[in-house]
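Below: work.txt (compact mmCIF, C-alpha atoms and all ligand atoms)
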# COMPACT_ATOMS: atom_id res chain seq x y z
CA MET Q 1 124.18 -125.10 -2.88
CA GLU Q 2 121.12 -126.18 -4.88
CA ARG Q 3 121.79 -128.00 -8.17
CA ILE Q 4 120.13 -126.20 -11.07
CA GLY Q 5 118.64 -127.53 -14.31
CA PHE Q 6 117.97 -125.01 -17.08
CA CYS Q 7 115.57 -125.74 -19.98
CA GLY Q 8 115.57 -123.38 -23.00
CA LEU Q 9 118.83 -121.90 -24.29
CA GLY Q 10 117.38 -119.16 -26.53
CA THR Q 11 118.19 -115.44 -26.60
CA MET Q 12 117.47 -115.14 -22.87
CA GLY Q 13 118.06 -118.61 -21.46
CA ARG Q 14 121.62 -119.10 -22.64
CA HIS Q 15 122.74 -115.92 -20.83
CA MET Q 16 120.69 -116.70 -17.71
CA ALA Q 17 122.17 -120.22 -17.49
CA GLY Q 18 125.64 -118.72 -18.02
CA ASN Q 19 125.12 -116.32 -15.11
CA LEU Q 20 124.00 -119.18 -12.85
CA ARG Q 21 127.18 -121.06 -13.70
CA ARG Q 22 129.30 -117.92 -13.10
CA ALA Q 23 127.62 -117.54 -9.68
CA GLY Q 24 129.01 -120.98 -8.78
CA PHE Q 25 125.94 -123.20 -9.23
CA GLU Q 26 126.24 -126.70 -10.62
CA VAL Q 27 124.16 -126.31 -13.81
CA THR Q 28 122.71 -128.93 -16.14
CA VAL Q 29 121.14 -127.62 -19.36
CA TRP Q 30 118.70 -128.93 -21.96
CA ASN Q 31 117.53 -127.39 -25.23
CA ARG Q 32 114.98 -128.86 -27.66
CA THR Q 33 117.25 -128.30 -30.66
CA PRO Q 34 120.55 -129.98 -29.82
CA GLY Q 35 123.91 -128.28 -30.29
CA ARG Q 36 123.04 -124.92 -28.74
CA ALA Q 37 124.86 -125.41 -25.41
CA GLY Q 38 128.39 -124.82 -26.77
CA ASP Q 39 129.75 -121.99 -24.57
CA LEU Q 40 127.87 -123.30 -21.54
CA LEU Q 41 129.50 -126.72 -21.78
CA ALA Q 42 132.89 -125.02 -22.08
CA SER Q 43 132.13 -123.13 -18.84
CA GLY Q 44 131.45 -126.38 -16.96
CA CYS Q 45 127.68 -126.96 -17.42
CA ARG Q 46 126.46 -130.48 -18.08
CA GLU Q 47 123.92 -131.32 -20.78
CA ALA Q 48 120.93 -133.64 -20.33
CA ALA Q 49 119.23 -135.60 -23.11
CA SER Q 50 115.67 -134.71 -22.00
CA PRO Q 51 113.86 -132.51 -19.45
CA ALA Q 52 113.04 -135.68 -17.46
CA GLU Q 53 116.70 -136.68 -17.27
CA LEU Q 54 117.66 -133.12 -16.32
CA ALA Q 55 115.01 -132.95 -13.59
CA GLY Q 56 116.16 -136.28 -12.13
CA GLY Q 57 119.60 -134.89 -11.29
CA VAL Q 58 118.90 -131.41 -9.91
CA ASP Q 59 117.05 -129.62 -7.08
CA ILE Q 60 115.55 -126.65 -8.95
CA VAL Q 61 114.49 -126.62 -12.62
CA VAL Q 62 114.40 -123.24 -14.39
CA THR Q 63 112.48 -122.97 -17.66
CA CYS Q 64 112.72 -120.18 -20.23
CA VAL Q 65 110.91 -121.20 -23.42
CA SER Q 66 108.62 -119.36 -25.80
CA ASP Q 67 104.90 -119.73 -25.03
CA THR Q 68 102.30 -121.42 -22.82
CA PRO Q 69 102.08 -124.69 -24.83
CA ASP Q 70 105.88 -124.86 -24.87
CA VAL Q 71 106.13 -124.66 -21.06
CA GLU Q 72 103.40 -127.33 -20.90
CA ALA Q 73 105.38 -129.57 -23.28
CA VAL Q 74 108.63 -129.17 -21.31
CA LEU Q 75 106.91 -129.82 -17.97
CA PHE Q 76 104.26 -132.41 -18.78
CA GLY Q 77 105.04 -133.77 -22.26
CA PRO Q 78 106.65 -137.13 -22.91
CA ASP Q 79 110.02 -137.13 -21.14
CA GLY Q 80 108.98 -133.88 -19.47
CA VAL Q 81 110.20 -132.44 -16.17
CA ALA Q 82 107.23 -133.90 -14.26
CA SER Q 83 108.24 -137.46 -15.13
CA GLY Q 84 111.76 -136.99 -13.71
CA ILE Q 85 111.46 -134.56 -10.81
CA ALA Q 86 111.38 -135.84 -7.21
CA ALA Q 87 109.02 -134.59 -4.48
CA GLY Q 88 110.72 -131.66 -2.74
CA GLY Q 89 111.99 -130.25 -6.03
CA MET Q 90 110.95 -126.93 -7.49
CA VAL Q 91 110.19 -125.40 -10.90
CA VAL Q 92 110.93 -121.72 -11.60
CA ASP Q 93 109.37 -120.62 -14.89
CA CYS Q 94 110.99 -117.51 -16.38
CA SER Q 95 109.03 -117.70 -19.66
CA THR Q 96 106.25 -115.18 -20.32
CA ILE Q 97 103.02 -117.19 -20.43
CA SER Q 98 99.34 -117.12 -19.45
CA PRO Q 99 98.60 -116.43 -15.74
CA GLU Q 100 95.63 -118.81 -15.90
CA ALA Q 101 97.68 -121.72 -17.31
CA THR Q 102 100.41 -120.88 -14.79
CA ARG Q 103 98.01 -121.49 -11.90
CA ALA Q 104 97.08 -124.86 -13.42
CA PHE Q 105 100.73 -125.88 -13.89
CA ALA Q 106 101.52 -124.89 -10.29
CA ALA Q 107 98.60 -126.99 -9.02
CA ARG Q 108 99.66 -130.05 -11.06
CA LEU Q 109 103.20 -129.82 -9.68
CA ALA Q 110 101.92 -129.28 -6.13
CA GLY Q 111 100.16 -132.64 -6.56
CA LEU Q 112 103.63 -134.18 -7.04
CA GLY Q 113 105.04 -132.38 -3.99
CA VAL Q 114 106.96 -129.98 -6.25
CA GLY Q 115 107.16 -126.24 -5.58
CA TRP Q 116 106.51 -123.50 -8.15
CA LEU Q 117 107.45 -119.93 -8.91
CA ASP Q 118 106.40 -117.95 -11.95
CA ALA Q 119 109.31 -115.57 -12.44
CA PRO Q 120 108.92 -113.82 -15.79
CA VAL Q 121 111.62 -111.30 -16.55
CA SER Q 122 112.07 -107.95 -18.22
CA GLY Q 123 115.25 -106.17 -19.25
CA GLY Q 124 115.83 -107.65 -22.69
CA SER Q 125 118.77 -109.68 -23.92
CA GLU Q 126 121.10 -107.03 -22.44
CA GLY Q 127 119.58 -107.58 -18.97
CA ALA Q 128 119.89 -111.36 -19.37
CA LYS Q 129 123.55 -111.05 -20.36
CA ASN Q 130 124.44 -108.60 -17.58
CA GLY Q 131 122.43 -110.37 -14.88
CA THR Q 132 120.35 -107.25 -14.31
CA LEU Q 133 116.88 -108.56 -15.16
CA THR Q 134 113.78 -107.34 -13.37
CA ILE Q 135 112.02 -110.47 -12.06
CA MET Q 136 108.29 -110.51 -11.25
CA VAL Q 137 107.49 -113.38 -8.91
CA GLY Q 138 104.31 -115.33 -8.15
CA GLY Q 139 104.19 -118.30 -5.78
CA ALA Q 140 104.63 -119.17 -2.13
CA GLY Q 141 106.91 -116.93 -0.06
CA ALA Q 142 108.89 -119.93 1.24
CA ASP Q 143 109.58 -121.10 -2.33
CA LEU Q 144 110.81 -117.60 -3.21
CA GLU Q 145 113.19 -117.59 -0.25
CA ARG Q 146 114.55 -120.98 -1.33
CA ALA Q 147 115.04 -119.82 -4.93
CA ARG Q 148 116.19 -116.26 -4.13
CA PRO Q 149 119.95 -116.98 -4.64
CA VAL Q 150 119.08 -118.49 -8.04
CA LEU Q 151 117.02 -115.46 -9.07
CA ALA Q 152 119.68 -113.09 -7.69
CA ALA Q 153 122.26 -114.64 -10.03
CA MET Q 154 120.08 -113.71 -13.03
CA GLY Q 155 118.43 -110.45 -12.01
CA LYS Q 156 118.76 -107.31 -9.94
CA THR Q 157 115.20 -106.41 -8.93
CA ILE Q 158 113.17 -109.30 -7.53
CA THR Q 159 109.61 -108.51 -6.44
CA HIS Q 160 107.07 -110.91 -4.98
CA PHE Q 161 103.49 -110.05 -5.97
CA GLY Q 162 101.44 -112.91 -4.50
CA PRO Q 163 100.38 -116.48 -5.32
CA ALA Q 164 101.14 -118.43 -8.51
CA GLY Q 165 100.14 -116.50 -11.63
CA SER Q 166 100.62 -113.04 -10.14
CA GLY Q 167 104.15 -112.68 -11.56
CA GLN Q 168 102.71 -113.37 -15.02
CA ALA Q 169 99.92 -110.83 -14.50
CA VAL Q 170 102.53 -108.16 -13.70
CA LYS Q 171 104.49 -109.13 -16.80
CA ALA Q 172 101.30 -108.58 -18.86
CA VAL Q 173 101.13 -105.05 -17.41
CA ASN Q 174 104.77 -104.53 -18.42
CA GLN Q 175 104.05 -105.58 -22.01
CA VAL Q 176 101.03 -103.24 -22.17
CA VAL Q 177 103.16 -100.31 -20.99
CA ILE Q 178 105.99 -100.95 -23.46
CA SER Q 179 103.54 -101.25 -26.40
CA GLY Q 180 102.61 -97.61 -26.03
CA VAL Q 181 106.18 -96.43 -25.48
CA TYR Q 182 107.56 -98.26 -28.55
CA LEU Q 183 104.77 -96.82 -30.70
CA ALA Q 184 105.24 -93.30 -29.33
CA VAL Q 185 109.04 -93.41 -29.82
CA ALA Q 186 108.51 -94.66 -33.40
CA GLU Q 187 106.11 -91.79 -34.11
CA GLY Q 188 108.51 -89.26 -32.57
CA MET Q 189 111.48 -90.52 -34.60
CA VAL Q 190 109.57 -90.47 -37.88
CA LEU Q 191 108.30 -86.96 -37.12
CA ALA Q 192 111.86 -85.81 -36.30
CA MET Q 193 113.26 -87.24 -39.54
CA LYS Q 194 110.46 -85.79 -41.67
CA ALA Q 195 111.02 -82.40 -39.98
CA GLY Q 196 114.68 -82.52 -41.10
CA LEU Q 197 116.01 -82.77 -37.54
CA ASP Q 198 119.09 -84.75 -36.47
CA PRO Q 199 117.46 -87.74 -34.69
CA GLU Q 200 120.56 -88.42 -32.58
CA ALA Q 201 120.55 -84.86 -31.25
CA VAL Q 202 116.80 -85.09 -30.60
CA VAL Q 203 117.24 -88.32 -28.60
CA ALA Q 204 120.16 -86.87 -26.63
CA ALA Q 205 118.18 -83.74 -25.74
CA LEU Q 206 114.86 -85.46 -24.93
CA GLY Q 207 116.50 -88.31 -23.01
CA GLY Q 208 117.14 -86.13 -19.98
CA GLY Q 209 113.58 -84.76 -19.88
CA VAL Q 210 110.10 -86.14 -19.31
CA ALA Q 211 110.16 -87.99 -22.68
CA GLY Q 212 113.20 -90.01 -21.60
CA SER Q 213 112.87 -93.80 -21.46
CA TRP Q 214 114.94 -96.99 -21.89
CA ILE Q 215 113.23 -97.47 -25.25
CA LEU Q 216 114.07 -93.94 -26.46
CA ALA Q 217 117.69 -94.37 -25.34
CA ASN Q 218 118.25 -97.94 -26.58
CA ARG Q 219 115.91 -98.58 -29.50
CA SER Q 220 115.33 -95.27 -31.32
CA ALA Q 221 118.53 -95.65 -33.41
CA LYS Q 222 117.19 -98.93 -34.83
CA MET Q 223 113.98 -97.15 -35.85
CA VAL Q 224 115.96 -94.35 -37.52
CA GLY Q 225 118.23 -96.84 -39.33
CA ASN Q 226 115.28 -99.12 -40.21
CA ALA Q 227 117.34 -102.18 -39.12
CA TYR Q 228 116.13 -104.31 -36.23
CA PRO Q 229 118.59 -106.94 -34.96
CA LEU Q 230 117.56 -108.76 -31.73
CA GLY Q 231 116.63 -107.83 -28.98
CA PHE Q 232 113.16 -109.13 -28.41
CA LYS Q 233 111.26 -110.79 -31.23
CA THR Q 234 108.09 -109.09 -32.47
CA SER Q 235 106.41 -112.51 -32.63
CA LEU Q 236 107.09 -113.01 -28.90
CA HIS Q 237 105.73 -109.56 -27.98
CA LEU Q 238 102.61 -110.27 -30.05
CA LYS Q 239 102.24 -113.50 -28.05
CA ASP Q 240 102.50 -111.43 -24.84
CA LEU Q 241 99.87 -108.96 -26.04
CA GLY Q 242 97.55 -111.91 -26.67
CA ILE Q 243 98.01 -112.82 -22.98
CA ALA Q 244 97.41 -109.21 -21.87
CA LEU Q 245 94.33 -108.74 -24.08
CA GLU Q 246 92.85 -112.02 -22.81
CA LEU Q 247 93.42 -110.94 -19.20
CA ALA Q 248 91.82 -107.57 -19.98
CA ARG Q 249 88.84 -109.32 -21.60
CA GLN Q 250 88.35 -111.45 -18.50
CA LEU Q 251 88.48 -108.36 -16.28
CA GLY Q 252 86.40 -106.00 -18.46
CA VAL Q 253 89.38 -103.68 -19.09
CA VAL Q 254 89.74 -101.68 -22.34
CA LEU Q 255 93.25 -101.46 -23.85
CA PRO Q 256 93.00 -99.45 -27.09
CA VAL Q 257 96.73 -98.72 -27.55
CA THR Q 258 97.61 -102.37 -26.83
CA GLY Q 259 95.00 -103.46 -29.38
CA LEU Q 260 96.55 -101.17 -32.00
CA ALA Q 261 100.08 -102.41 -31.25
CA ALA Q 262 98.87 -106.03 -31.53
CA GLN Q 263 97.29 -105.35 -34.94
CA LEU Q 264 100.42 -103.61 -36.26
CA GLU Q 265 102.58 -106.48 -34.95
CA ALA Q 266 100.28 -109.05 -36.60
CA GLY Q 267 100.92 -107.16 -39.86
CA LEU Q 268 104.69 -107.29 -39.27
CA VAL Q 269 104.55 -111.04 -38.64
CA ALA Q 270 102.44 -111.51 -41.80
CA ARG Q 271 105.09 -109.58 -43.78
CA GLY Q 272 107.81 -111.93 -42.49
CA TYR Q 273 109.30 -109.58 -39.88
CA GLY Q 274 108.32 -111.58 -36.76
CA ASP Q 275 111.90 -112.57 -35.94
CA GLU Q 276 113.16 -108.97 -35.90
CA ASP Q 277 113.42 -106.87 -32.73
CA MET Q 278 110.06 -105.37 -31.74
CA SER Q 279 111.39 -101.86 -32.37
CA ASN Q 280 110.30 -102.73 -35.94
CA LEU Q 281 106.93 -101.29 -34.81
CA ALA Q 282 108.54 -98.28 -36.55
CA ARG Q 283 108.14 -100.04 -39.92
CA PRO Q 284 104.38 -99.37 -40.33
CA ILE Q 285 104.73 -95.80 -38.98
CA ARG Q 286 107.58 -95.13 -41.45
CA GLN Q 287 105.67 -96.76 -44.30
CA LEU Q 288 102.43 -94.86 -43.65
CA SER Q 289 104.55 -91.68 -43.65
CA GLY Q 290 106.02 -92.37 -47.10
CA MET Q 291 109.37 -93.73 -45.91
CA GLU Q 292 110.95 -97.13 -46.45
CA GLY Q 293 109.41 -99.45 -43.84
P1 LIG Q 301 113.94 -117.50 -28.23
O1 LIG Q 301 115.28 -116.90 -28.47
O2 LIG Q 301 112.97 -117.60 -29.36
O3 LIG Q 301 114.18 -118.96 -27.59
C1 LIG Q 301 113.09 -119.77 -27.31
C2 LIG Q 301 113.57 -120.99 -26.55
O4 LIG Q 301 112.43 -121.79 -26.24
C3 LIG Q 301 114.52 -121.87 -27.36
O5 LIG Q 301 115.46 -122.46 -26.50
C4 LIG Q 301 113.55 -122.91 -27.93
O6 LIG Q 301 114.20 -124.11 -28.29
C5 LIG Q 301 112.65 -123.10 -26.74
N1 LIG Q 301 111.36 -123.71 -27.11
C6 LIG Q 301 110.36 -123.14 -27.82
N2 LIG Q 301 109.32 -123.99 -27.94
C7 LIG Q 301 109.68 -125.12 -27.28
C8 LIG Q 301 109.03 -126.35 -27.05
N3 LIG Q 301 107.80 -126.60 -27.50
N4 LIG Q 301 109.70 -127.29 -26.33
C9 LIG Q 301 110.95 -127.06 -25.87
N5 LIG Q 301 111.62 -125.90 -26.07
C10 LIG Q 301 110.98 -124.94 -26.76
O7 LIG Q 301 113.15 -116.74 -27.07
P2 LIG Q 301 113.72 -115.81 -25.90
O8 LIG Q 301 113.84 -114.42 -26.41
O9 LIG Q 301 114.87 -116.48 -25.23
O10 LIG Q 301 112.42 -115.83 -24.93
C11 LIG Q 301 112.16 -116.89 -24.02
C12 LIG Q 301 111.03 -116.44 -23.09
O11 LIG Q 301 111.45 -115.26 -22.38
C13 LIG Q 301 109.74 -116.07 -23.84
O12 LIG Q 301 108.61 -116.44 -23.09
C14 LIG Q 301 109.85 -114.56 -23.96
O13 LIG Q 301 108.58 -113.95 -24.08
C15 LIG Q 301 110.54 -114.20 -22.64
N6 LIG Q 301 111.29 -112.94 -22.66
C16 LIG Q 301 112.13 -112.61 -23.68
C17 LIG Q 301 112.80 -111.39 -23.65
C18 LIG Q 301 113.76 -110.94 -24.73
O14 LIG Q 301 114.15 -109.76 -24.74
N7 LIG Q 301 114.16 -111.81 -25.66
C19 LIG Q 301 112.63 -110.51 -22.57
C20 LIG Q 301 111.79 -110.88 -21.53
C21 LIG Q 301 111.13 -112.11 -21.59
P3 LIG Q 301 114.80 -124.33 -29.78
O15 LIG Q 301 116.21 -123.83 -29.71
O16 LIG Q 301 114.68 -125.78 -30.00
O17 LIG Q 301 113.92 -123.54 -30.74

Would you mind writing the file out in structure tokens?
Amino acid sequence: MERIGFCGLGTMGRHMAGNLRRAGFEVTVWNRTPGRAGDLLASGCREAASPAELAGGVDIVVTCVSDTPDVEAVLFGPDGVASGIAAGGMVVDCSTISPEATRAFAARLAGLGVGWLDAPVSGGSEGAKNGTLTIMVGGAGADLERARPVLAAMGKTITHFGPAGSGQAVKAVNQVVISGVYLAVAEGMVLAMKAGLDPEAVVAALGGGVAGSWILANRSAKMVGNAYPLGFKTSLHLKDLGIALELARQLGVVLPVTGLAAQLEAGLVARGYGDEDMSNLARPIRQLSGMEG
């Protein structure tokens, strides 16, 4: 069985590493801020002092950190994965980052004889905890087959889209789609409340019809209650929309709803709400409609 190193024990990573351990892998973890590996150590994971040290003792390194420069720092910074990993190793990046930078990272690692998969995920913190993530894969087919048992311990739907960077491009599409759905659910909930309807009854009735969605079922109550515990941070979704809008710019694609969502999210971050769940897109809709937001 491959030995796994896991870098980034945030909202997603700590559950994903836990599921790898539960699946029977030998797991070594590293997190930038020390002291966040508690439960994982109790379940039998080891902790490394740096990404380089971690990479030196495992076969496959999985990363799940915030943004493109953060993946770059973990891989190629001082004491990074690249300075510890041996030829024949592999990096599987589950962060959501730029497809263009992803191709460059894959090429740099290939120069060291190290394989690469971009494997961004969707399914939220619930999916990470339950091991039911949807995983969008870019990279060589042989690398995917090698890493498939690792991905299968963290997710349910694993789809290969093509060479390095293509998993990240699909993730950008995912973030574009959810922008519109979050905004539409927020508008629907505010309209229901202002019309004096029982929002819970509205959600129950609409959920079985064409308006049904994961976001309607799982996030509308937060919008109604105007309280947004995590989830998925608004600041991270805004980062993802930056990636999607840049890809669209490169390809000459127009994304008006995504542009609107990005502007509203920039306003939320400026108001200090960036660490809330992104269902707080309801805040500006509520506020513009004369409600607390
Ligand atoms: P998070 O809770 O904010 O955790 C971020 C993790 O990245 C932390 O472990 C953090 O370490 C680490 N990190 C950030 N910058 C770093 C750097 N420069 N060097 C080393 N480590 C660094 O984020 P998350 O929700 O787990 O998201 C992680 C990735 O998954 C992101 O790319 C996100 O877009 C993606 N994602 C998230 C969700 C979701 O629902 N949350 C869903 C799908 C995909 P510290 O503890 O030291 O800060």

Inset, instruction - Extract, using all atoms listed in the file, all DNA, RNA and protein residues at most 6 Å from segment 99-104 of chain Q, discarding same-chain residues fewer than 6 positions from it, and format them as a list in words. - result: Ala164, Gly165, Gln168 and Ala169 of chain Q

Go ahead and write the residues just picked, C-alpha atoms, as a PDB file, in the coordinates of the input.
ATOM      1  CA  ALA Q 164     101.140-118.430  -8.510  1.00  0.00           C
ATOM      2  CA  GLY Q 165     100.140-116.500 -11.630  1.00  0.00           C
ATOM      3  CA  GLN Q 168     102.710-113.370 -15.020  1.00  0.00           C
ATOM      4  CA  ALA Q 169      99.920-110.830 -14.500  1.00  0.00           C
TER       5      ALA Q 169
END

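Distances from Q:Lys194, Q:Glu246, Q:Arg22, Q:Val181 to Gly212 of chain Q were compared using only C-alpha atoms, and the smallest one belongs to Q:Val181.
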
Kindly assemble as JSON lines a list of the chain Q residues that lie within 8 Å of ligand LIG 301 (chain Q), each paired with its nearest atom pair and their distance in Å to one decimal, using all atoms listed in the file, sorted first by chain and then by ascending residue number.
{"residue": "Q:Cys7", "atom": "CA", "partner": "Q:LIG301", "partner_atom": "N5", "distance": 7.3}
{"residue": "Q:Gly8", "atom": "CA", "partner": "Q:LIG301", "partner_atom": "O5", "distance": 3.6}
{"residue": "Q:Leu9", "atom": "CA", "partner": "Q:LIG301", "partner_atom": "O5", "distance": 4.1}
{"residue": "Q:Gly10", "atom": "CA", "partner": "Q:LIG301", "partner_atom": "O3", "distance": 3.4}
{"residue": "Q:Thr11", "atom": "CA", "partner": "Q:LIG301", "partner_atom": "O9", "distance": 3.7}
{"residue": "Q:Met12", "atom": "CA", "partner": "Q:LIG301", "partner_atom": "O9", "distance": 3.8}
{"residue": "Q:Gly13", "atom": "CA", "partner": "Q:LIG301", "partner_atom": "O9", "distance": 5.4}
{"residue": "Q:Arg14", "atom": "CA", "partner": "Q:LIG301", "partner_atom": "O9", "distance": 7.7}
{"residue": "Q:Asn31", "atom": "CA", "partner": "Q:LIG301", "partner_atom": "O5", "distance": 5.5}
{"residue": "Q:Arg32", "atom": "CA", "partner": "Q:LIG301", "partner_atom": "O16", "distance": 3.9}
{"residue": "Q:Thr33", "atom": "CA", "partner": "Q:LIG301", "partner_atom": "O16", "distance": 3.7}
{"residue": "Q:Pro34", "atom": "CA", "partner": "Q:LIG301", "partner_atom": "O16", "distance": 7.2}
{"residue": "Q:Arg36", "atom": "CA", "partner": "Q:LIG301", "partner_atom": "O15", "distance": 7.0}
{"residue": "Q:Cys64", "atom": "CA", "partner": "Q:LIG301", "partner_atom": "C12", "distance": 5.0}
{"residue": "Q:Val65", "atom": "CA", "partner": "Q:LIG301", "partner_atom": "O4", "distance": 3.3}
{"residue": "Q:Ser66", "atom": "CA", "partner": "Q:LIG301", "partner_atom": "O12", "distance": 4.0}
{"residue": "Q:Asp67", "atom": "CA", "partner": "Q:LIG301", "partner_atom": "O12", "distance": 5.3}
{"residue": "Q:Pro69", "atom": "CA", "partner": "Q:LIG301", "partner_atom": "N3", "distance": 6.6}
{"residue": "Q:Asp70", "atom": "CA", "partner": "Q:LIG301", "partner_atom": "N3", "distance": 3.7}
{"residue": "Q:Val71", "atom": "CA", "partner": "Q:LIG301", "partner_atom": "C8", "distance": 6.9}
{"residue": "Q:Glu72", "atom": "CA", "partner": "Q:LIG301", "partner_atom": "N3", "distance": 8.0}
{"residue": "Q:Ala73", "atom": "CA", "partner": "Q:LIG301", "partner_atom": "N3", "distance": 5.7}
{"residue": "Q:Val74", "atom": "CA", "partner": "Q:LIG301", "partner_atom": "N4", "distance": 5.5}
{"residue": "Q:Cys94", "atom": "CA", "partner": "Q:LIG301", "partner_atom": "O11", "distance": 6.4}
{"residue": "Q:Ser95", "atom": "CA", "partner": "Q:LIG301", "partner_atom": "O12", "distance": 3.7}
{"residue": "Q:Thr96", "atom": "CA", "partner": "Q:LIG301", "partner_atom": "O12", "distance": 3.9}
{"residue": "Q:Ile97", "atom": "CA", "partner": "Q:LIG301", "partner_atom": "O12", "distance": 6.2}
{"residue": "Q:Pro120", "atom": "CA", "partner": "Q:LIG301", "partner_atom": "C21", "distance": 6.4}
{"residue": "Q:Val121", "atom": "CA", "partner": "Q:LIG301", "partner_atom": "C20", "distance": 5.0}
{"residue": "Q:Ser122", "atom": "CA", "partner": "Q:LIG301", "partner_atom": "C20", "distance": 4.4}
{"residue": "Q:Gly123", "atom": "CA", "partner": "Q:LIG301", "partner_atom": "C19", "distance": 6.1}
{"residue": "Q:Gly124", "atom": "CA", "partner": "Q:LIG301", "partner_atom": "O14", "distance": 3.4}
{"residue": "Q:Ser125", "atom": "CA", "partner": "Q:LIG301", "partner_atom": "O14", "distance": 4.7}
{"residue": "Q:Glu126", "atom": "CA", "partner": "Q:LIG301", "partner_atom": "O14", "distance": 7.8}
{"residue": "Q:Ala128", "atom": "CA", "partner": "Q:LIG301", "partner_atom": "C19", "distance": 8.0}
{"residue": "Q:Leu230", "atom": "CA", "partner": "Q:LIG301", "partner_atom": "N7", "distance": 7.6}
{"residue": "Q:Gly231", "atom": "CA", "partner": "Q:LIG301", "partner_atom": "O14", "distance": 5.3}
{"residue": "Q:Phe232", "atom": "CA", "partner": "Q:LIG301", "partner_atom": "O14", "distance": 3.9}
{"residue": "Q:Lys233", "atom": "CA", "partner": "Q:LIG301", "partner_atom": "N7", "distance": 6.4}
{"residue": "Q:Leu236", "atom": "CA", "partner": "Q:LIG301", "partner_atom": "O13", "distance": 5.1}
{"residue": "Q:His237", "atom": "CA", "partner": "Q:LIG301", "partner_atom": "O13", "distance": 6.5}
{"residue": "Q:Lys239", "atom": "CA", "partner": "Q:LIG301", "partner_atom": "O13", "distance": 7.5}
{"residue": "Q:Asp240", "atom": "CA", "partner": "Q:LIG301", "partner_atom": "O13", "distance": 6.6}

Legend entry - Separation of atom CA of Ala186 of chain Q from atom CA of Val170 of chain Q in Å: 24.6 Å

Report as JSON lines the residues of segment 177-223 of chain Q within 12 Å of segment 262-275 of chain Q, each with its shortest atom pair and distance in Å (one decimal), using only C-alpha atoms, ordered by chain and increasing residue number.
{"residue": "Q:Ile178", "atom": "CA", "partner": "Q:Ala262", "partner_atom": "CA", "distance": 11.9}
{"residue": "Q:Ser179", "atom": "CA", "partner": "Q:Ala262", "partner_atom": "CA", "distance": 8.4}
{"residue": "Q:Gly180", "atom": "CA", "partner": "Q:Ala262", "partner_atom": "CA", "distance": 10.7}
{"residue": "Q:Tyr182", "atom": "CA", "partner": "Q:Glu265", "partner_atom": "CA", "distance": 11.5}
{"residue": "Q:Leu183", "atom": "CA", "partner": "Q:Leu264", "partner_atom": "CA", "distance": 9.8}

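Distance annotation: of Q:Met136, Q:Met278, Q:Ala147, Q:Ala42, the residue with the minimal separation from Tyr228 of chain Q is Q:Met278; atom set is only C-alpha atoms.
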
Legend entry - Contacts of Gly188 of chain Q at 10 Å (only C-alpha atoms; same-chain gap of 3+ positions) as number ranges by chain: Q: 182-185, 191-194, 199, 202-203, 216, 220, 282, 285

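Proximity to Gly18 of chain Q was assessed for Q:Asn130, Q:Gln287, Q:Thr68, Q:Thr159 counting only C-alpha atoms; the smallest distance is recorded for Q:Asn130.
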
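Restricting the calculation to all atoms listed in the file, the smallest distance between Arg21 of chain Q and any of Q:Ala49, Q:Ala248, Q:Leu241, Q:Met154 is found for Q:Met154.
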
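As for atom CA of Glu292 of chain Q and atom CA of Glu187 of chain Q, they are spaced 14.3 Å apart.
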
Legend entry - Distance query Ala52 of chain Q at most 9 Å, only C-alpha atoms, self and fewer than 3 positions along chain excluded, as a PyMOL selection string: chain Q and resi 48-49+55-56+74-75+78-85

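Note that atom CA of Gln250 of chain Q and atom CA of Leu109 of chain Q are 25.2 Å apart.
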
Inset, instruction - Quick one: everything within 7 Å of Glu26 of chain Q, counting only C-alpha atoms, minus sequence neighbours fewer than 5 positions away in the same chain. Send it as an MDAnalysis selection string. - result: chainID Q and resid 3:4 21 45

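Proximity to Gly138 of chain Q was assessed for Q:Leu117, Q:Met16, Q:Val58, Q:Ala227 counting all atoms listed in the file; the smallest distance is recorded for Q:Leu117.
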
Inset, instruction - Name the residues in contact with Gly155 of chain Q at a cut-off of 8 Å, using all atoms listed in the file, excluding same-chain residues fewer than 4 positions from it; report them as a PyMOL selection string. - result: chain Q and resi 127-128+131-135+151
